[in-house]
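J.: Handing you a structure now.
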There are 2 protein chains.
Amino acid sequence: MPKRRILPYVLLGLINNKGKLSGYQISQEFKNEVGEFWHASHSQIYPELARMKTDGWLTDEDDGKSTYYLITKLGQSTLRAWLAEPLNDDNLFSLKLYFIRDQKDPLMEHLLTQELAINQDKYAHLKKRLETVFFNEAQINENYGHYLILTRAIEREKNHIAWLQNNLKGLV
Amino acid sequence: MPKRRILPYVLLGLINNKGKLSGYQISQEFKNEVGEFWHASHSQIYPELARMKTDGWLTDEDDGKSTYYLITKLGQSTLRAWLAEPLNDDNLFSLKLYFIRDQKDPLMEHLLTQELAINQDKYAHLKKRLETVFFNEAQINENYGHYLILTRAIEREKNHIAWLQNNLKGLV
DNA sequence: TCACCCATGTAAGGCGTTACATGATTGC
DNA sequence: GCAATCATGTAACGCCTTACATGGGTGA
């Protein structure tokens, strides 16, 4: 999976969620929940906002103290196209979910379904690795840390899958 | 937290675990479990190994087909110093744990204890955020994705904390 | 013989960080 | 008055990725 550029979409998402934001406000946003999944410093944010305005994804509004950015129609469709893109292994699930505000938004189910498939694969893969690598007690004792993180990863996937299935049921 | 350079320590850890590895073998290692927590391409690995040899962390051994690297005493102490460093918020818990082979290694308990403290803080912080941001039904319905990832994050921390506590008990 | 894996290397470029800068406003 | 926060910007630099290169071995 080629490394894709994420920051502009994150900015779109944030601005879309809040209506309008200044560069400074965006940098503050990263101190809250979004910061768990993405971060950017102001030295990235300001030039990026300018570029996105040039591209017609944003417009701005200056009150003399701050420049606030608002999302355009083009920006909105760009954001939704990005949210609809298939999830790779790039761990964008939580980040994208953060930007979906309405429970009935079809993108919500779309995202959960994709993530479920990915995690079921991962789970199967990890279980197979466990069997392959730790086929007896000696292997476990000689690589205990490895054993721990593998069993932990399996547990984590299991919980995540259960949560996804639960929430998918809840959407119907 | 200043971004620190991790790759050399990962290479030390891998070589220490396996006894000796070639650059190519290391790049293959990243396709397995370590790859969950760290990755490097061969264009990084080869020069880095050369640098580490210059620094006296590794020695090499050539069989005509491949160059194998072995860890030196200095390399071992460097690795252990890195493993003992306090965990920041840089998510190195699983990676470091992978490199600890012996259940009775004091670093094992050290790591688990640190991670537990970090996650208890995170858990408390997330619960407070939930109360602050989602104080009524309207907030939830208007930002459902945000609500989902926040409650999910809380669940995840809870499970992780329980697992850590369990394993810490098991070590005694 | 042709594709694929083994095996190692250099070069260009992008993303993101820290550091360097500047100035206004607000609270103690 | 002085520190902290608001607010925005540029510059240097490092890590990592992709792309470019090269060559030997092996199985269909």
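Identifiers in the structure tokens: chain A, B, ... in order shown; residue index from 1 per chain; ligand index from 1 in order shown.
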Based on DSSP run over this structure's backbone, return all residues of range 9-128 of chain B in helix (DSSP H, G or I), as JSON, numbers by chain.

T.: {"B": [9, 10, 11, 12, 13, 14, 15, 16, 17, 18, 23, 24, 25, 26, 27, 28, 29, 34, 35, 36, 37, 42, 43, 44, 45, 46, 47, 48, 49, 50, 51, 52, 53, 54, 73, 74, 75, 76, 77, 78, 79, 80, 81, 82, 83, 84, 93, 94, 95, 96, 97, 98, 106, 107, 108, 109, 110, 111, 112, 113, 114, 115, 116, 117, 118, 119, 120, 121, 122, 123, 124, 125, 126, 127, 128]}

J.: Which residues of chain D sit at most 9 Å from chain B, using only C-alpha atoms (C1' of nucleotides)? Give each one's shortest atom pair and distance in Å (one decimal place), in chain and ascending residue order, as CSV.

T.:
```
residue,atom,partner,partner_atom,distance
D:DC15,C1',B:Arg5,CA,8.5
D:DC16,C1',B:Gln44,CA,7.7
D:DT17,C1',B:Ser41,CA,8.1
```

J.: Quick one: write out the picked residues with C-alpha atoms (C1' of nucleotides) as an mmCIF file, in the first residue's frame?

T.:
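Output file out.cif follows:
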```cif
data_model
loop_
_atom_site.group_PDB
_atom_site.id
_atom_site.type_symbol
_atom_site.label_atom_id
_atom_site.label_comp_id
_atom_site.auth_asym_id
_atom_site.auth_seq_id
_atom_site.Cartn_x
_atom_site.Cartn_y
_atom_site.Cartn_z
ATOM 1 C "C1'" DC D 15 13.376 9.632 8.655
ATOM 2 C "C1'" DC D 16 11.423 6.864 5.533
ATOM 3 C "C1'" DT D 17 9.512 5.672 1.040
#
```

J.: With a distance threshold of 7 Å and counting only C-alpha atoms, extract the residues of chain B near chain A and express them as a ChimeraX atom specification.

T.: /B:94,97-103,141-146,149

J.: Output C-alpha atoms for every residue in that selection, as a compact mmCIF listing (two decimals), in the first residue's frame.

T.:
```txt
# COMPACT_ATOMS: atom_id res chain seq x y z
CA SER B 94 4.68 -4.23 22.37
CA LEU B 97 8.21 -6.64 24.97
CA TYR B 98 8.92 -8.62 21.81
CA PHE B 99 12.64 -8.33 22.55
CA ILE B 100 12.44 -9.68 26.09
CA ARG B 101 12.82 -13.41 25.90
CA ASP B 102 12.93 -14.52 29.52
CA GLN B 103 9.85 -14.38 31.71
CA ASN B 141 -26.62 11.74 18.10
CA GLU B 142 -24.94 14.73 16.52
CA ASN B 143 -21.47 13.22 16.71
CA TYR B 144 -22.08 9.53 16.62
CA GLY B 145 -18.73 8.53 15.09
CA HIS B 146 -16.85 10.49 17.70
CA ILE B 149 -14.47 5.78 18.91
```

J.: Within 8 Å of chain B, which residues of chain C show up? Give each one with its shortest atom-to-atom distance in Å (one decimal) and the two atoms involved, counting only C-alpha atoms (C1' of nucleotides), rows by chain then rising residue number, as CSV.

T.:
```
residue,atom,partner,partner_atom,distance
C:DA7,C1',B:Tyr24,CA,6.4
C:DT8,C1',B:Tyr46,CA,7.5
C:DG9,C1',B:Ser43,CA,7.8
C:DT17,C1',B:Lys3,CA,7.7
```

J.: Give me the residues within 12 Å of Lys128 in chain B as a ChimeraX atom specification, counting only C-alpha atoms (C1' of nucleotides) and dropping any in the same chain fewer than 3 places off.

T.: /A:32-33 /B:121-125,131-135,150-151,154

J.: Write out, as a PDB file, in the first residue's frame, the residues just selected, with N, CA, C and O atoms.

T.:
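What ended up in result.pdb:
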```pdb
ATOM      1  N   ASN A  32      -7.034  17.024  21.581  1.00  0.00           N
ATOM      2  CA  ASN A  32      -8.144  16.199  22.051  1.00  0.00           C
ATOM      3  C   ASN A  32      -8.185  14.856  21.328  1.00  0.00           C
ATOM      4  O   ASN A  32      -7.159  14.363  20.915  1.00  0.00           O
ATOM      5  N   GLU A  33      -9.372  14.290  21.193  1.00  0.00           N
ATOM      6  CA  GLU A  33      -9.501  12.918  20.678  1.00  0.00           C
ATOM      7  C   GLU A  33      -8.810  12.672  19.343  1.00  0.00           C
ATOM      8  O   GLU A  33      -8.159  11.660  19.170  1.00  0.00           O
TER       9      GLU A  33
ATOM     10  N   ASP B 121      -3.736   6.123  33.418  1.00  0.00           N
ATOM     11  CA  ASP B 121      -3.890   7.564  33.165  1.00  0.00           C
ATOM     12  C   ASP B 121      -4.765   7.821  31.943  1.00  0.00           C
ATOM     13  O   ASP B 121      -5.677   8.647  31.973  1.00  0.00           O
ATOM     14  N   LYS B 122      -4.464   7.093  30.885  1.00  0.00           N
ATOM     15  CA  LYS B 122      -5.199   7.281  29.638  1.00  0.00           C
ATOM     16  C   LYS B 122      -6.676   6.974  29.846  1.00  0.00           C
ATOM     17  O   LYS B 122      -7.551   7.696  29.381  1.00  0.00           O
ATOM     18  N   TYR B 123      -6.923   5.896  30.545  1.00  0.00           N
ATOM     19  CA  TYR B 123      -8.291   5.470  30.836  1.00  0.00           C
ATOM     20  C   TYR B 123      -9.054   6.567  31.583  1.00  0.00           C
ATOM     21  O   TYR B 123     -10.170   6.947  31.197  1.00  0.00           O
ATOM     22  N   ALA B 124      -8.429   7.089  32.623  1.00  0.00           N
ATOM     23  CA  ALA B 124      -9.061   8.147  33.421  1.00  0.00           C
ATOM     24  C   ALA B 124      -9.344   9.367  32.541  1.00  0.00           C
ATOM     25  O   ALA B 124     -10.432   9.956  32.603  1.00  0.00           O
ATOM     26  N   HIS B 125      -8.376   9.696  31.703  1.00  0.00           N
ATOM     27  CA  HIS B 125      -8.518  10.852  30.829  1.00  0.00           C
ATOM     28  C   HIS B 125      -9.675  10.681  29.844  1.00  0.00           C
ATOM     29  O   HIS B 125     -10.483  11.581  29.639  1.00  0.00           O
ATOM     30  N   GLU B 131     -17.456  12.187  29.648  1.00  0.00           N
ATOM     31  CA  GLU B 131     -18.409  12.948  30.465  1.00  0.00           C
ATOM     32  C   GLU B 131     -18.510  14.396  30.004  1.00  0.00           C
ATOM     33  O   GLU B 131     -19.586  14.981  29.990  1.00  0.00           O
ATOM     34  N   THR B 132     -17.371  14.962  29.648  1.00  0.00           N
ATOM     35  CA  THR B 132     -17.343  16.371  29.260  1.00  0.00           C
ATOM     36  C   THR B 132     -18.054  16.604  27.936  1.00  0.00           C
ATOM     37  O   THR B 132     -18.845  17.535  27.788  1.00  0.00           O
ATOM     38  N   VAL B 133     -17.737  15.743  26.960  1.00  0.00           N
ATOM     39  CA  VAL B 133     -18.209  15.996  25.601  1.00  0.00           C
ATOM     40  C   VAL B 133     -19.623  15.483  25.380  1.00  0.00           C
ATOM     41  O   VAL B 133     -20.428  16.106  24.704  1.00  0.00           O
ATOM     42  N   PHE B 134     -19.948  14.333  25.968  1.00  0.00           N
ATOM     43  CA  PHE B 134     -21.251  13.717  25.696  1.00  0.00           C
ATOM     44  C   PHE B 134     -22.139  13.729  26.926  1.00  0.00           C
ATOM     45  O   PHE B 134     -22.474  12.688  27.478  1.00  0.00           O
ATOM     46  N   PHE B 135     -22.500  14.939  27.319  1.00  0.00           N
ATOM     47  CA  PHE B 135     -23.263  15.096  28.554  1.00  0.00           C
ATOM     48  C   PHE B 135     -24.755  14.855  28.350  1.00  0.00           C
ATOM     49  O   PHE B 135     -25.499  14.752  29.295  1.00  0.00           O
ATOM     50  N   LEU B 150     -14.757   6.999  20.973  1.00  0.00           N
ATOM     51  CA  LEU B 150     -14.404   7.312  22.357  1.00  0.00           C
ATOM     52  C   LEU B 150     -14.786   6.153  23.284  1.00  0.00           C
ATOM     53  O   LEU B 150     -13.976   5.707  24.111  1.00  0.00           O
ATOM     54  N   THR B 151     -15.978   5.648  23.122  1.00  0.00           N
ATOM     55  CA  THR B 151     -16.388   4.520  23.961  1.00  0.00           C
ATOM     56  C   THR B 151     -15.550   3.276  23.631  1.00  0.00           C
ATOM     57  O   THR B 151     -15.190   2.512  24.522  1.00  0.00           O
ATOM     58  N   ILE B 154     -12.202   3.572  25.327  1.00  0.00           N
ATOM     59  CA  ILE B 154     -12.320   3.302  26.761  1.00  0.00           C
ATOM     60  C   ILE B 154     -12.368   1.797  27.023  1.00  0.00           C
ATOM     61  O   ILE B 154     -11.664   1.276  27.884  1.00  0.00           O
TER      62      ILE B 154
END
```

J.: Using only C-alpha atoms (C1' of nucleotides), which residues sit within 12 Å of DG27 in chain D once same-chain residues fewer than 6 positions away are excluded, as a ChimeraX atom specification?

T.: /C:1-5

J.: Could you please determine the separation between CA of Leu79 in chain A and CA of Gln28 in chain A in Å, to one decimal place?

T.: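 So the two atoms, CA of Leu79 in chain A and CA of Gln28 in chain A, lie 21.0 Å apart.
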